[in-house]
Every structure is written in C-alpha cells, then in structure tokens.
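*Asks:* Sharing a structure with you now.
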Amino acid sequence: MEEEHWPWAKDEVLKCLSFLEGLNKEAIILEMDDYFLKTFPEFNNEDLERILQELTSQKKVKTYKAKNGEILYQKTMPKKSLWRRFLTKILP
C-alpha cells in the first residue's frame with residue numbers, strides 16, 4: 001500500500017476496533033468498510049500488521065492473548081489530561 005494512503009488505512013482500522021472487546025485480524029478485516037477494501041485491493045495482511053504494530057506503539061491499541069492463544073486487539077480509552085481531571089474534581 002502506498003504511503004500517501006497510510007493515514008486513511010489507520011483510521012479505518014481504528015474505526016473497526018472496539019473499546020469493549022478484542023478482535024483478531026480476521027475479524028478486523030471483516031469489519032472494514034467495503035468501499036475501503038474496493039478502493040485499495042492491494043491492502044493485505046502485512047499492511048494490517050504494520051498498522052496494528054504502529055497503533056500499539058502509540059498506545060492507541062492494546063494487545064492480549066485469548067484463552068485459545070489467539071492475539072486480540074482492543075482500542076484503548078484516551079487518557080484525560082491533568083487539567084481536565086482537576087476540573088472534574090472541582091466542578092460538579
């Protein structure tokens with residue numbers, strides 16, 4: 001996949017992931033938008049792995065193993081800033 005389309009692919013992967021449950025790679029591809037997959041037929045498993053590794057290093061995605069040994073990916077909640085936490089304590 002070309003580097004100029006990389007941000008669009010990362011956004012698509014993030015849209016597919018859930019905060020509540022982890023998904024494996026096959027489930028992520030099944031959740032992807034048809035338009036995206038038709039627009040980029042060259043998108044493959046290696047591209048997905050690179051995107052997931054990059055998102056994991058940015059701490060936007062968490063990985064863990066399921067009971068059957070399968071690696072699952074889950075979106076992480078963004079942390080609140082110190083200022084926002086301070087305001088929620090002061091203001092009702």
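In the structure tokens, the first chain shown is A, the next is B, and so on; residue numbers restart at 1 for each chain, and ligands run from 1 in the order shown.
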Can you pull out every residue from chain A that DSSP, working from the backbone, puts in helix (DSSP H, G or I), and format the result as a ChimeraX atom specification?

*Replies:* /A:3-16,25-31,34-39,45-57,82-90

*Asks:* Take the residues from that selection and write them out as a CSV table (one decimal), in the first residue's frame, keeping C-alpha atoms.

*Replies:*
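And here's result-v8.csv as it stands now:
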```csv
chain,number,residue,atom,x,y,z
A,3,GLU,CA,2.4,5.7,2.0
A,4,GLU,CA,0.2,8.6,1.0
A,5,HIS,CA,-2.9,6.4,1.8
A,6,TRP,CA,-1.5,5.2,5.1
A,7,PRO,CA,-3.4,7.7,7.4
A,8,TRP,CA,-6.7,6.6,5.8
A,9,ALA,CA,-5.9,3.0,6.4
A,10,LYS,CA,-5.0,3.7,10.1
A,11,ASP,CA,-8.3,5.5,10.6
A,12,GLU,CA,-10.2,2.6,9.0
A,13,VAL,CA,-8.5,0.1,11.3
A,14,LEU,CA,-9.3,2.3,14.4
A,15,LYS,CA,-12.9,2.5,13.3
A,16,CYS,CA,-13.2,-1.3,13.2
A,25,LYS,CA,-7.0,-9.9,12.5
A,26,GLU,CA,-9.6,-11.8,10.5
A,27,ALA,CA,-12.5,-10.0,12.4
A,28,ILE,CA,-10.9,-6.6,11.8
A,29,ILE,CA,-10.8,-7.3,8.0
A,30,LEU,CA,-14.4,-8.5,8.1
A,31,GLU,CA,-15.4,-5.3,9.9
A,34,ASP,CA,-16.5,-2.3,1.6
A,35,TYR,CA,-15.7,1.0,0.0
A,36,PHE,CA,-12.2,1.0,1.6
A,37,LEU,CA,-11.4,-2.6,0.5
A,38,LYS,CA,-12.7,-1.9,-3.1
A,39,THR,CA,-10.6,1.3,-3.3
A,45,ASN,CA,-2.2,-8.8,6.0
A,46,GLU,CA,1.3,-7.3,6.2
A,47,ASP,CA,-0.2,-3.8,5.9
A,48,LEU,CA,-2.6,-4.6,8.7
A,49,GLU,CA,0.2,-6.0,10.9
A,50,ARG,CA,2.3,-2.9,10.3
A,51,ILE,CA,-0.7,-0.6,11.2
A,52,LEU,CA,-1.5,-2.6,14.3
A,53,GLN,CA,2.1,-2.5,15.5
A,54,GLU,CA,2.3,1.2,14.9
A,55,LEU,CA,-1.0,1.8,16.8
A,56,THR,CA,0.2,-0.4,19.6
A,57,SER,CA,3.4,1.6,19.9
A,82,LEU,CA,-4.3,16.6,34.3
A,83,TRP,CA,-6.2,19.8,33.8
A,84,ARG,CA,-9.4,18.0,32.8
A,85,ARG,CA,-9.1,15.7,35.8
A,86,PHE,CA,-8.5,18.7,38.1
A,87,LEU,CA,-11.6,20.5,36.7
A,88,THR,CA,-13.9,17.4,37.1
A,89,LYS,CA,-12.9,17.2,40.8
A,90,ILE,CA,-13.6,20.9,41.4
```

*Asks:* Do a neighbour search on Glu21 in chain A at 10 Å with only C-alpha atoms, toss out local chain neighbours closer than 4 positions, and write the hits as a list of chain:residue names.

*Replies:*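 Skipping anything fewer than 4 positions along the chain leaves A:Leu17, A:Leu72, A:Tyr73, A:Gln74, A:Lys75.
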